[in-house]
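Undergrad: Submitted below is the structure of interest, expressed as structure tokens.
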Amino acid sequence: MTKLYWLSEINLRDRPVVGEKAWMLSQLKQSGYNVFPGFVISSSVFREFLDNLNDVNSLLADFPGSSLHLDVDNPRILQLVAQQSRQSIVNLSFPSQWRETLVEATKKLESNALILRTSLGGNFPLNQDISGLTPAQVCWNIPENLEMAIKEIWAQLLRAKSLFYWQRLGIGIDQLNLGILVQPMVNAIASGRVINRSQDFEIEGTWGLGYSLLKGEILPDSWKIKGKSGKIFDQKLGNKARGYRLIQEPELTQLSTKKCVESYCLSEEQQAQYCLNSAEISQISELCNDLENHAISWHSLEWILYHSDDSSSAQLAIAQLISSPYHQSLDSTQSNRPINEHQSRLIGLGVSPGQIQGTVYLLNEDNNSDLLELTNSIIVSQQIHPFQLSSIKQASGVITEQGGITSHAAILARELGIPAVVDVPGATSWLQTGDSILLDGDSGTIVLNRKNTLNQPKIPLKTSEGLPEKQRFFNYPIGTKLMVNLSQRSSLGKVRDLPCDGLGLIRSELMLLDLCAPHSLRDWLKKSPSEQIIEKLKQRISEFAEVFGPYPIFYRTFDDKFSADSDRRGTAGYCLDSTLFRLELQALSNLQQQGYHNINIILPFVRTVDEFCFCLNLIEEYKLSTVKSFQVWIMAEVPSIIFQLPDYVKVGVQGIAIGSNDLIPLLLGIERNQVYWNQISSVYQTGIVGALKQLIEAANRLEIPSSICGQIVVDFPQIIEQLIAWGITTISVEPEGIEKTYQAIARAEKQMILKLAREKMWLKSGEVRSLLS
């Protein structure tokens with residue numbers, strides 16, 4: 001460890017070594033902005049550290065000569081490499097000289113707690129945020145704790161998720177210049193972020209440290225401010241129940257295993273107040289305008305409001321600044337687009353999180369494109385047709401002019417973990433094949449780069465946080481069953497280690513469209529022998545059953561949602577033509593005979609009791625019910641089921657899965673793609689809550705399980721507490737919604753337990769008072 005790079009001393013020559021995050025903060029600090037002091041440990045230290053490995057059996061023994069080229073599609077190998085690599089890193093101690101250097105450096109920070117964050121540098125054209133792969137570490141300012149925190153960040157580089165990411169990006173680990181930025185960690189009065197909207201600034205904030213905002217546990221306070229004038233033109237009080245803070249420091253003389261950060265419940269007074277007053281908002285606004293006036297190009301910044309050393313005043317500091325990846329205004333001489341030639345961005349509806357820069361490929365109805373052309377491209381289309389859904393698997397992002405959050409393109413993009421923005425009028429006119437764009441699936445923003453090239457590689461800027469390790473948020477047991485919705489075999493690796501109680505919904509229509517690619521489903525069924533179709537179905541379903549066994553999986557039989565003839569949807573289509581349904585039943589029967597007894601059926605879009613009886617007779621014909629654990633459920637999507645559930649149970653329905661993606665639009669009389677959960681008030685002002693309550697309570701009275709498997713619980717988690725109170729048995733969500741839903745269930749159940757405890761306490765105190773009187 002020959003050198004540490006201090007923020008106050010970093011120069012242009014150091015930029016590739018310290019990384020973009022540290023470089024931006026260093027330039028701000030040297031320009032007089034309030035940035036906490038800190039230093040960077042360069043990636044050369046990591047390489048030097050690995051050179052000291054003596055474990056010849058370690059996969060890292062010849063690093064960096066080895067780039068660790070692995071079969072990233074084999075999850076077992078990935079996990080093995082990740083576990084062995086982490087063990088090798090953790091077991092190797094720092095040289096004494098390194099410890100001395102770090103001790104001297106951290107003394108200068110004058111802080112009992114430290115925060116360590118990664119800063120990516122090197123020959124990358126954009127400032128990439130890889131915080132989802134290497135989350136920050138917080139530790140006490142103790143040599144042993146600091147050493148362990150540094151090694152944890154290095155180990156994260158070689159986690160299964162990271163290895164998959166680097167190889168898919170075509171980056172050897174030896175190519176990574178990953179610095180570690182070490183700064184003081186202070187308690188915050190409030191913290192948050194500012195998003196630069198070109199002409200306006202959007203401020204978000206909450207009480208305490210920003211963990212609750214980053215984790216999505218609260219709805220932050222927000223203000224929209226006119227850029228130059230600083231005038232607030234919109235503000236909303238958030239829903240803030242939880243805060244985070246540094247805990248009281250232990251004696252910093254020896255290794256402490258006590259965590260640095262704890263969560264706490266905000267007081268009712270804090271929840272009812274904005275976290276910033278008018279003077280503090282003005283201060284943040286002035287800071288943003290000052291950055292603009294100094295020609296600093298930035299997309300967003302993270303701020304922290306903290307007490308001064310003497311606690312006499314509050315001070316504002318910049319915790320992080322994310323620069324704009326490229327100019328956001330176009331030269332009019334370089335554009336002949338039919339839309340406003342000065343326009344550089346479009347806004348749509350973000351339906352799958354993440355950010356990426358890549359090359360556009362226009363996908364039209366009549367260009368059934370070679371999948372190789374689509375690889376790593378951002379596909380742009382008016383809408384994604386059924387025969388084009390397999391294209392999404394090859395793409396790095398999706399943009400459509402039509403569609404909504406529950407459209408099948410959106411559902412598949414979320415499952416695959418690629419950014420997607422829908423409802424973007426004029427996208428196919430504004431964008432051309434070969435354009436280089438930034439796609440932001442979180443904000444729904446699309447920004448056009450002035451430099452267009454067909455051969456520009458995809459560059460993820462910010463991946464969705466993905467599926468975190470268990471210990472991050474699964475440390476509180478829940479009673480409500482949490483399951484996952486899937487359709488793609490490639491998703492199995494993502495959910496293998498999640499605490500799912502089973503597979504709540506296999507979307508067979510998406511699974512089948514993947515199986516029959518590049519042919520249409522109709523052609524595949526017509527031209528392929530029945531035995532071949534059954535074998536393919538059996539093989540694919542068995543993979544789901546094997547991964548989740550012994551937990552149950554629920555296979556929803558094919559729902560012809562893509563047919564122009566609405567009479568062919570769901571079980572009504574089986575009554576007209578039962579060919580495919582019979583093939584599915586035969587495949588399931590063969591699987592049962594092979595010992596897969598954790599498979600159940602959900603019948604889709606059931607309109608009448610007669611339709612269900614028709615299907616049940618076919619199920620009996622294939623003897624599926626001979627397995628005692630086998631159950632037949634129905635999707636509760638058609639509103640009439642709310643009133644007829646007892647009739648369905650009488651003839652054999654054993655459970656219901658509430659498909660809110662279809663049920664709610666039908667209740668409201670709107671198109672499925674026009675449901676927007678940002679209009680939160682509509683949930684309570686319409687009959688949605690009443691309908692869900694009636695279904696769940698009816699299922700309880702009839703003694704059958706009930707599940708909900710639509711998007712409402714992810715986009716409107718406030719309803720989860722009511723679902724549990726009504727008696728919902730299972731909540732099933734897409735992989736990206738697991739963490740958020742788990743946390744919401746845990747909070748709801750704890751609140752219900754607390755409420756019951758208080759009621760018992762009041763009853764007991766009432767009895768005591770009556771005896772005394």
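Ligands are numbered from 1 in the order shown, residues from 1 within each chain, and chains are lettered A, B, ... in the order they appear in the structure tokens.
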Where in region 145-310 of chain A does DSSP assign strand (DSSP E), given as an NGL selection string?

TA: :A and (177-184 or 190-196 or 200-207 or 221-226 or 232-236 or 242-246 or 261-265 or 298-307)

Undergrad: Report as a count of residues only all protein, DNA and RNA residues lying within 6 Å of region 409-423 of chain A, evaluated on only C-alpha atoms, omitting residues in the same chain fewer than 6 positions from it.

TA: 17

Undergrad: Quick one: everything within 12 Å of Lys650 (chain A), counting only C-alpha atoms, minus sequence neighbours fewer than 3 positions away in the same chain. Send it as a PyMOL selection string.

TA: chain A and resi 609+612-613+644-647+653-655+702-704

Undergrad: Which residue gives the smallest distance to Leu209 (chain A) among A:Asn177, A:Ser96, A:Ser263, A:Ser278, with only C-alpha atoms counted?

TA: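 Among the listed residues, A:Ser263 lies closest to Leu209 (chain A).
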
Undergrad: Using CA of Asp610 (chain A) and CA of Arg568 (chain A) as the two end points, give the distance in Å to one decimal.

TA: 15.4 Å

Undergrad: Please provide as a list of chain:residue names all residues within 9 Å of region 554-556 of chain A, with the sequence filter that same-chain residues fewer than 5 positions apart are discarded (counting only C-alpha atoms).

TA: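 Listing them by chain and then by number gives A:Gly502, A:Leu503, A:Gly504, A:Leu505, A:Ile506, A:Arg507, A:Ser508, A:Glu509, A:Ile541, A:Asn598, A:Ile599, A:Asn600, A:Ile601, A:Ile602, A:Leu603, A:Pro604, A:Gln631, A:Trp633, A:Ile634, A:Met635.
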
Undergrad: For Gly210 (chain A), please output as a PyMOL selection string all residues within 9 Å (counting only C-alpha atoms; exclusion window: fewer than 5 positions along the same chain).

TA: chain A and resi 188+190-193+205+215+243-244+304
